[in-house]
Amino acid sequence: MKSRILNALRKQDGYVSGQELCREFEVSRTAIWKGINQLKEEGYVIEAVPRKGYRIVGYPDSVGKVELESRMETKWAGRQIVYLKTVNSTNNYAKKLAENGGVHGTLVVADAQTEGKGRRGRGWVTPKGAAIAMSLILRPQLIPSHASMLTLVAGMAVAVAIRGVTGLEAQIKWPNDVVINGKKLTGILTELSAEMDAINYVVTGIGINVNIKEMPLEVRDIATSLQIQLGKPLDRGAIICEVMKAFEEYYQKFMEAGDMYLLTEEYERILANKNKQVKVLEPGNEYTGIARGINSQGELLVEREDGTVAAVYAGEVSVRGIYQYV
Ligand code: BTN
């Protein structure tokens, strides 16, 4: 009820009468009044004017269940929400949930992580109330070796959502870091549970540096936040909902083709490495070349000095810019 009331108030610029709400949701005035009070307790500022009704004039900075449910515009992605104030890692939580039957599209969101996980065994810091940490449960009918491409799909969704909400020129550093002005803004960690020939579930974990005023000294040269880039704090809920919307759209195209075939053009449009010099750090084999784009398997196409083109697979190598992080 709370999220339905919130949704109705959010849609309206002016007042919504209590009577209208009762009629729409087929409940008593007392039920509406209770819902309004609960929302106020959660930090929403709601004006109540006799004979006019209710109007929302202030929102808390919340990524809570009710807030997200009332704003989510997707069909399935993020339609089931689990919100946690603090958790060790949203990926770990989502994996447990998936083991116990958590449905496709379930989104686990936390306000803080105590043991956030990064790629290659590294950690990921999620300061309380200032960042986005979320993990999406997926159950795609795909061959397991194609699951890693979902990371590229998620990277695209995040970059495009950030562009939409902030107007900033977010780009992708292959395969899936989202960068702004050459600095890392987002990390994605995809984990897979599969049999030889079928996927049980995929958990795609996304961390976004949103309202962090200053990055820790040790990463200041290579990492940034939206607040640093824009000079003002942002609404985390809006970003989460936009990411889910974009992800749902790209996921559909990805599943239609079974790979990145229908998405390569759009991916390359926002690829920071495109036509830039990169250094490929393959175990036992380092070389430089120009990144030209990706193929339908999501591999980076690197043109070497002798004119040959190498398809670089994300799992094995890391790619660096020559002078900078990108
Ligand atoms: C990277 O190393 O770039 C990947 C970082 C992924 C961090 C996110 S935050 C939400 C989810 N939960 C985790 O423990 N990790 C991912």
# chains A, B, ... in the order shown; residues from 1 in each chain; ligands from 1
$ closest_atom_pairs --of "chain A" --to "ligand 1" --cutoff "6 Å" --atoms "only C-alpha atoms and all ligand atoms" --output "tab-separated table"
residue	atom	partner	partner_atom_place_in_ligand_line	distance
A:Ser89	CA	ligand 1	14 (O)	4.0
A:Thr90	CA	ligand 1	12 (N)	4.3
A:Asn91	CA	ligand 1	12 (N)	4.4
A:Gly116	CA	ligand 1	14 (O)	3.5
A:Lys117	CA	ligand 1	14 (O)	3.6
A:Gly118	CA	ligand 1	2 (O)	3.3
A:Arg119	CA	ligand 1	2 (O)	3.8
A:Trp124	CA	ligand 1	7 (C)	5.5
A:Ala133	CA	ligand 1	10 (C)	4.0
A:Met134	CA	ligand 1	10 (C)	4.6
A:Ser135	CA	ligand 1	11 (C)	5.6
A:Gly187	CA	ligand 1	3 (O)	3.4
A:Ile188	CA	ligand 1	4 (C)	4.2
A:Leu189	CA	ligand 1	6 (C)	4.5
A:Gly205	CA	ligand 1	11 (C)	3.8
A:Ile206	CA	ligand 1	8 (C)	4.3
A:Gly207	CA	ligand 1	9 (S)	3.6
$ write_last_selection --atoms "all heavy atoms" --output "short mmCIF file (atom, residue, chain, number, x, y, z; two decimals), in the first residue's frame"
data_model
loop_
_atom_site.label_atom_id
_atom_site.label_comp_id
_atom_site.auth_asym_id
_atom_site.auth_seq_id
_atom_site.Cartn_x
_atom_site.Cartn_y
_atom_site.Cartn_z
N SER A 89 28.13 -8.53 1.50
CA SER A 89 28.22 -8.27 0.06
C SER A 89 26.86 -8.58 -0.56
O SER A 89 26.29 -9.64 -0.29
CB SER A 89 29.30 -9.17 -0.54
OG SER A 89 28.99 -9.53 -1.87
N THR A 90 26.36 -7.67 -1.37
CA THR A 90 25.05 -7.92 -2.00
C THR A 90 25.15 -9.13 -2.93
O THR A 90 24.18 -9.87 -3.12
CB THR A 90 24.53 -6.70 -2.79
OG1 THR A 90 25.55 -6.29 -3.71
CG2 THR A 90 24.14 -5.56 -1.88
N ASN A 91 26.32 -9.36 -3.54
CA ASN A 91 26.48 -10.54 -4.39
C ASN A 91 26.33 -11.83 -3.57
O ASN A 91 25.64 -12.76 -4.00
CB ASN A 91 27.86 -10.54 -5.06
CG ASN A 91 27.82 -9.94 -6.45
OD1 ASN A 91 27.03 -9.03 -6.70
ND2 ASN A 91 28.64 -10.43 -7.34
N GLY A 116 32.49 -5.79 0.59
CA GLY A 116 32.18 -5.73 -0.83
C GLY A 116 33.29 -6.38 -1.64
O GLY A 116 34.47 -6.25 -1.31
N LYS A 117 32.90 -7.10 -2.69
CA LYS A 117 33.89 -7.85 -3.47
C LYS A 117 34.13 -7.19 -4.82
O LYS A 117 33.19 -6.82 -5.52
CB LYS A 117 33.39 -9.28 -3.72
CG LYS A 117 33.16 -10.07 -2.44
CD LYS A 117 32.86 -11.52 -2.75
CE LYS A 117 31.58 -11.70 -3.53
NZ LYS A 117 31.26 -13.11 -3.81
N GLY A 118 35.40 -7.10 -5.21
CA GLY A 118 35.75 -6.63 -6.55
C GLY A 118 36.22 -7.80 -7.39
O GLY A 118 36.22 -8.94 -6.93
N ARG A 119 36.63 -7.53 -8.61
CA ARG A 119 37.13 -8.61 -9.46
C ARG A 119 38.54 -9.01 -9.04
O ARG A 119 39.22 -8.28 -8.34
CB ARG A 119 37.15 -8.15 -10.93
CG ARG A 119 35.79 -8.40 -11.58
CD ARG A 119 35.78 -7.84 -12.97
NE ARG A 119 36.04 -6.41 -12.94
CZ ARG A 119 36.45 -5.72 -14.00
NH1 ARG A 119 36.67 -6.31 -15.13
NH2 ARG A 119 36.63 -4.42 -13.90
N TRP A 124 35.89 -4.07 -2.54
CA TRP A 124 35.15 -2.94 -3.11
C TRP A 124 34.51 -2.19 -1.95
O TRP A 124 33.79 -2.78 -1.15
CB TRP A 124 34.08 -3.43 -4.08
CG TRP A 124 33.33 -2.30 -4.74
CD1 TRP A 124 32.13 -1.78 -4.34
CD2 TRP A 124 33.73 -1.57 -5.90
NE1 TRP A 124 31.76 -0.76 -5.17
CE2 TRP A 124 32.71 -0.61 -6.15
CE3 TRP A 124 34.84 -1.62 -6.76
CZ2 TRP A 124 32.78 0.28 -7.22
CZ3 TRP A 124 34.89 -0.73 -7.83
CH2 TRP A 124 33.87 0.20 -8.05
N ALA A 133 25.12 -0.09 -4.18
CA ALA A 133 25.61 -1.47 -4.21
C ALA A 133 24.39 -2.33 -4.45
O ALA A 133 23.45 -2.33 -3.65
CB ALA A 133 26.27 -1.86 -2.89
N MET A 134 24.37 -3.01 -5.58
CA MET A 134 23.18 -3.83 -5.88
C MET A 134 23.57 -5.05 -6.70
O MET A 134 24.55 -5.04 -7.43
CB MET A 134 22.14 -2.99 -6.62
CG MET A 134 22.60 -2.43 -7.94
SD MET A 134 21.27 -1.40 -8.62
CE MET A 134 22.05 -0.81 -10.12
N SER A 135 22.77 -6.10 -6.56
CA SER A 135 23.03 -7.34 -7.29
C SER A 135 21.72 -7.90 -7.84
O SER A 135 20.73 -7.99 -7.12
CB SER A 135 23.67 -8.38 -6.37
OG SER A 135 24.88 -7.89 -5.85
N GLY A 187 32.03 -0.43 -10.83
CA GLY A 187 32.60 -1.77 -11.00
C GLY A 187 31.49 -2.79 -11.10
O GLY A 187 30.43 -2.63 -10.48
N ILE A 188 31.71 -3.82 -11.89
CA ILE A 188 30.69 -4.87 -12.05
C ILE A 188 31.34 -6.23 -11.81
O ILE A 188 32.41 -6.51 -12.35
CB ILE A 188 30.05 -4.81 -13.45
CG1 ILE A 188 29.35 -3.46 -13.63
CG2 ILE A 188 29.05 -5.96 -13.65
CD1 ILE A 188 28.75 -3.23 -14.98
N LEU A 189 30.69 -7.04 -11.01
CA LEU A 189 31.19 -8.38 -10.74
C LEU A 189 30.07 -9.38 -11.00
O LEU A 189 29.05 -9.38 -10.31
CB LEU A 189 31.64 -8.48 -9.27
CG LEU A 189 32.11 -9.86 -8.81
CD1 LEU A 189 33.42 -10.24 -9.50
CD2 LEU A 189 32.31 -9.87 -7.29
N GLY A 205 26.57 -8.07 -10.00
CA GLY A 205 26.69 -7.07 -8.93
C GLY A 205 27.25 -5.77 -9.48
O GLY A 205 28.24 -5.76 -10.22
N ILE A 206 26.60 -4.68 -9.13
CA ILE A 206 27.00 -3.37 -9.65
C ILE A 206 27.28 -2.42 -8.49
O ILE A 206 26.45 -2.26 -7.60
CB ILE A 206 25.86 -2.78 -10.52
CG1 ILE A 206 25.54 -3.73 -11.68
CG2 ILE A 206 26.22 -1.38 -11.04
CD1 ILE A 206 24.34 -3.32 -12.52
N GLY A 207 28.45 -1.81 -8.52
CA GLY A 207 28.78 -0.80 -7.52
C GLY A 207 29.01 0.54 -8.22
O GLY A 207 29.78 0.60 -9.19
#
$ closest_atom_pairs --of "region 104-216 of chain A" --to "region 239-255 of chain A" --cutoff "9 Å" --atoms "only C-alpha atoms" --output "JSON lines"
{"residue": "A:Ile132", "atom": "CA", "partner": "A:Ile240", "partner_atom": "CA", "distance": 7.8}
{"residue": "A:Met134", "atom": "CA", "partner": "A:Ile240", "partner_atom": "CA", "distance": 8.5}
{"residue": "A:Pro140", "atom": "CA", "partner": "A:Met255", "partner_atom": "CA", "distance": 7.9}
{"residue": "A:Gln141", "atom": "CA", "partner": "A:Met255", "partner_atom": "CA", "distance": 8.3}
{"residue": "A:Leu142", "atom": "CA", "partner": "A:Met255", "partner_atom": "CA", "distance": 8.0}
{"residue": "A:Met149", "atom": "CA", "partner": "A:Phe254", "partner_atom": "CA", "distance": 8.9}
{"residue": "A:Leu150", "atom": "CA", "partner": "A:Tyr251", "partner_atom": "CA", "distance": 7.9}
{"residue": "A:Val153", "atom": "CA", "partner": "A:Tyr250", "partner_atom": "CA", "distance": 6.4}
{"residue": "A:Ala154", "atom": "CA", "partner": "A:Phe247", "partner_atom": "CA", "distance": 6.1}
{"residue": "A:Gly155", "atom": "CA", "partner": "A:Phe247", "partner_atom": "CA", "distance": 8.9}
{"residue": "A:Met156", "atom": "CA", "partner": "A:Phe247", "partner_atom": "CA", "distance": 7.8}
{"residue": "A:Ala157", "atom": "CA", "partner": "A:Phe247", "partner_atom": "CA", "distance": 4.9}
{"residue": "A:Val158", "atom": "CA", "partner": "A:Val243", "partner_atom": "CA", "distance": 5.3}
{"residue": "A:Ala159", "atom": "CA", "partner": "A:Val243", "partner_atom": "CA", "distance": 8.4}
{"residue": "A:Val160", "atom": "CA", "partner": "A:Ala246", "partner_atom": "CA", "distance": 7.2}
{"residue": "A:Ala161", "atom": "CA", "partner": "A:Val243", "partner_atom": "CA", "distance": 5.2}
{"residue": "A:Ile162", "atom": "CA", "partner": "A:Ile239", "partner_atom": "CA", "distance": 6.7}
{"residue": "A:Gly164", "atom": "CA", "partner": "A:Glu242", "partner_atom": "CA", "distance": 7.9}
{"residue": "A:Val165", "atom": "CA", "partner": "A:Ile239", "partner_atom": "CA", "distance": 6.6}
$ closest_residue --among "A:Ala94, A:Thr264, A:Glu191, A:Arg320" --to "Leu281 (chain A)" --atoms "only C-alpha atoms"
A:Arg320
$ closest_residue --among "A:Gly284, A:Tyr44, A:Asn275, A:Arg79" --to "Glu303 (chain A)" --atoms "only C-alpha atoms"
A:Asn275
$ select_by_dssp --residues "region 154-199 of chain A" --states "strand (DSSP E or B)" --output "PyMOL selection string"
chain A and resi 171-173+177-180+183-194+199
$ closest_residue --among "A:Lys232, A:Arg55, A:Arg139, A:Pro175" --to "Leu301 (chain A)" --atoms "only C-alpha atoms"
A:Pro175
$ decode --residues "region 41-53 of chain A" --atoms "all heavy atoms" --output "mmCIF file, in the first residue's frame"
data_model
loop_
_atom_site.group_PDB
_atom_site.id
_atom_site.type_symbol
_atom_site.label_atom_id
_atom_site.label_comp_id
_atom_site.auth_asym_id
_atom_site.auth_seq_id
_atom_site.Cartn_x
_atom_site.Cartn_y
_atom_site.Cartn_z
ATOM 1 N N GLU A 41 7.131 8.860 8.442
ATOM 2 C CA GLU A 41 8.144 8.311 9.367
ATOM 3 C C GLU A 41 9.413 7.914 8.626
ATOM 4 O O GLU A 41 10.502 7.948 9.186
ATOM 5 C CB GLU A 41 7.589 7.077 10.092
ATOM 6 C CG GLU A 41 6.831 7.440 11.349
ATOM 7 C CD GLU A 41 5.948 6.297 11.816
ATOM 8 O OE1 GLU A 41 6.290 5.133 11.581
ATOM 9 O OE2 GLU A 41 4.887 6.601 12.409
ATOM 10 N N GLU A 42 9.264 7.554 7.350
ATOM 11 C CA GLU A 42 10.441 7.145 6.579
ATOM 12 C C GLU A 42 11.173 8.331 5.961
ATOM 13 O O GLU A 42 12.123 8.163 5.203
ATOM 14 C CB GLU A 42 10.030 6.161 5.478
ATOM 15 C CG GLU A 42 9.729 4.793 6.056
ATOM 16 C CD GLU A 42 9.162 3.829 5.029
ATOM 17 O OE1 GLU A 42 9.431 3.980 3.831
ATOM 18 O OE2 GLU A 42 8.423 2.918 5.442
ATOM 19 N N GLY A 43 10.684 9.557 6.241
ATOM 20 C CA GLY A 43 11.428 10.737 5.792
ATOM 21 C C GLY A 43 10.775 11.498 4.644
ATOM 22 O O GLY A 43 11.302 12.519 4.196
ATOM 23 N N TYR A 44 9.630 11.020 4.131
ATOM 24 C CA TYR A 44 8.952 11.760 3.071
ATOM 25 C C TYR A 44 8.248 12.948 3.712
ATOM 26 O O TYR A 44 7.674 12.828 4.808
ATOM 27 C CB TYR A 44 7.915 10.875 2.348
ATOM 28 C CG TYR A 44 8.583 9.747 1.611
ATOM 29 C CD1 TYR A 44 8.794 8.524 2.230
ATOM 30 C CD2 TYR A 44 9.041 9.931 0.314
ATOM 31 C CE1 TYR A 44 9.454 7.500 1.579
ATOM 32 C CE2 TYR A 44 9.700 8.904 -0.349
ATOM 33 C CZ TYR A 44 9.904 7.695 0.289
ATOM 34 O OH TYR A 44 10.569 6.698 -0.367
ATOM 35 N N VAL A 45 8.297 14.108 3.047
ATOM 36 C CA VAL A 45 7.598 15.270 3.586
ATOM 37 C C VAL A 45 6.296 15.401 2.798
ATOM 38 O O VAL A 45 6.315 15.650 1.581
ATOM 39 C CB VAL A 45 8.459 16.554 3.457
ATOM 40 C CG1 VAL A 45 7.784 17.718 4.143
ATOM 41 C CG2 VAL A 45 9.845 16.307 4.026
ATOM 42 N N ILE A 46 5.172 15.187 3.488
ATOM 43 C CA ILE A 46 3.877 15.181 2.801
ATOM 44 C C ILE A 46 2.972 16.226 3.436
ATOM 45 O O ILE A 46 2.742 16.215 4.648
ATOM 46 C CB ILE A 46 3.233 13.776 2.871
ATOM 47 C CG1 ILE A 46 4.139 12.765 2.171
ATOM 48 C CG2 ILE A 46 1.837 13.776 2.221
ATOM 49 C CD1 ILE A 46 3.745 11.318 2.351
ATOM 50 N N GLU A 47 2.510 17.135 2.599
ATOM 51 C CA GLU A 47 1.617 18.194 3.055
ATOM 52 C C GLU A 47 0.187 17.676 3.006
ATOM 53 O O GLU A 47 -0.201 17.053 2.015
ATOM 54 C CB GLU A 47 1.712 19.318 2.022
ATOM 55 C CG GLU A 47 1.935 20.685 2.576
ATOM 56 C CD GLU A 47 2.111 21.647 1.409
ATOM 57 O OE1 GLU A 47 1.304 21.605 0.443
ATOM 58 O OE2 GLU A 47 3.065 22.415 1.472
ATOM 59 N N ALA A 48 -0.594 17.929 4.064
ATOM 60 C CA ALA A 48 -2.003 17.529 4.031
ATOM 61 C C ALA A 48 -2.850 18.780 4.214
ATOM 62 O O ALA A 48 -2.731 19.472 5.224
ATOM 63 C CB ALA A 48 -2.280 16.530 5.143
ATOM 64 N N VAL A 49 -3.658 19.127 3.208
ATOM 65 C CA VAL A 49 -4.463 20.347 3.271
ATOM 66 C C VAL A 49 -5.943 19.962 3.202
ATOM 67 O O VAL A 49 -6.347 19.249 2.264
ATOM 68 C CB VAL A 49 -4.101 21.302 2.103
ATOM 69 C CG1 VAL A 49 -4.991 22.527 2.080
ATOM 70 C CG2 VAL A 49 -2.640 21.710 2.186
ATOM 71 N N PRO A 50 -6.738 20.422 4.182
ATOM 72 C CA PRO A 50 -8.155 20.061 4.176
ATOM 73 C C PRO A 50 -8.829 20.424 2.847
ATOM 74 O O PRO A 50 -8.532 21.475 2.269
ATOM 75 C CB PRO A 50 -8.743 20.889 5.331
ATOM 76 C CG PRO A 50 -7.567 21.255 6.179
ATOM 77 C CD PRO A 50 -6.363 21.278 5.314
ATOM 78 N N ARG A 51 -9.692 19.595 2.385
ATOM 79 C CA ARG A 51 -10.470 19.728 1.132
ATOM 80 C C ARG A 51 -9.620 19.678 -0.144
ATOM 81 O O ARG A 51 -10.127 19.738 -1.237
ATOM 82 C CB ARG A 51 -11.344 20.993 1.138
ATOM 83 C CG ARG A 51 -12.623 20.786 1.951
ATOM 84 C CD ARG A 51 -13.528 21.992 1.885
ATOM 85 N NE ARG A 51 -12.924 23.162 2.483
ATOM 86 C CZ ARG A 51 -12.894 23.387 3.806
ATOM 87 N NH1 ARG A 51 -13.436 22.523 4.640
ATOM 88 N NH2 ARG A 51 -12.337 24.476 4.289
ATOM 89 N N LYS A 52 -8.296 19.632 0.002
ATOM 90 C CA LYS A 52 -7.457 19.496 -1.205
ATOM 91 C C LYS A 52 -6.837 18.098 -1.249
ATOM 92 O O LYS A 52 -6.858 17.443 -2.275
ATOM 93 C CB LYS A 52 -6.333 20.534 -1.186
ATOM 94 C CG LYS A 52 -6.769 21.902 -1.678
ATOM 95 C CD LYS A 52 -5.550 22.771 -1.797
ATOM 96 C CE LYS A 52 -5.827 24.062 -2.511
ATOM 97 N NZ LYS A 52 -4.686 24.961 -2.380
ATOM 98 N N GLY A 53 -6.264 17.705 -0.138
ATOM 99 C CA GLY A 53 -5.668 16.370 -0.099
ATOM 100 C C GLY A 53 -4.190 16.401 0.248
ATOM 101 O O GLY A 53 -3.738 17.270 0.981
#
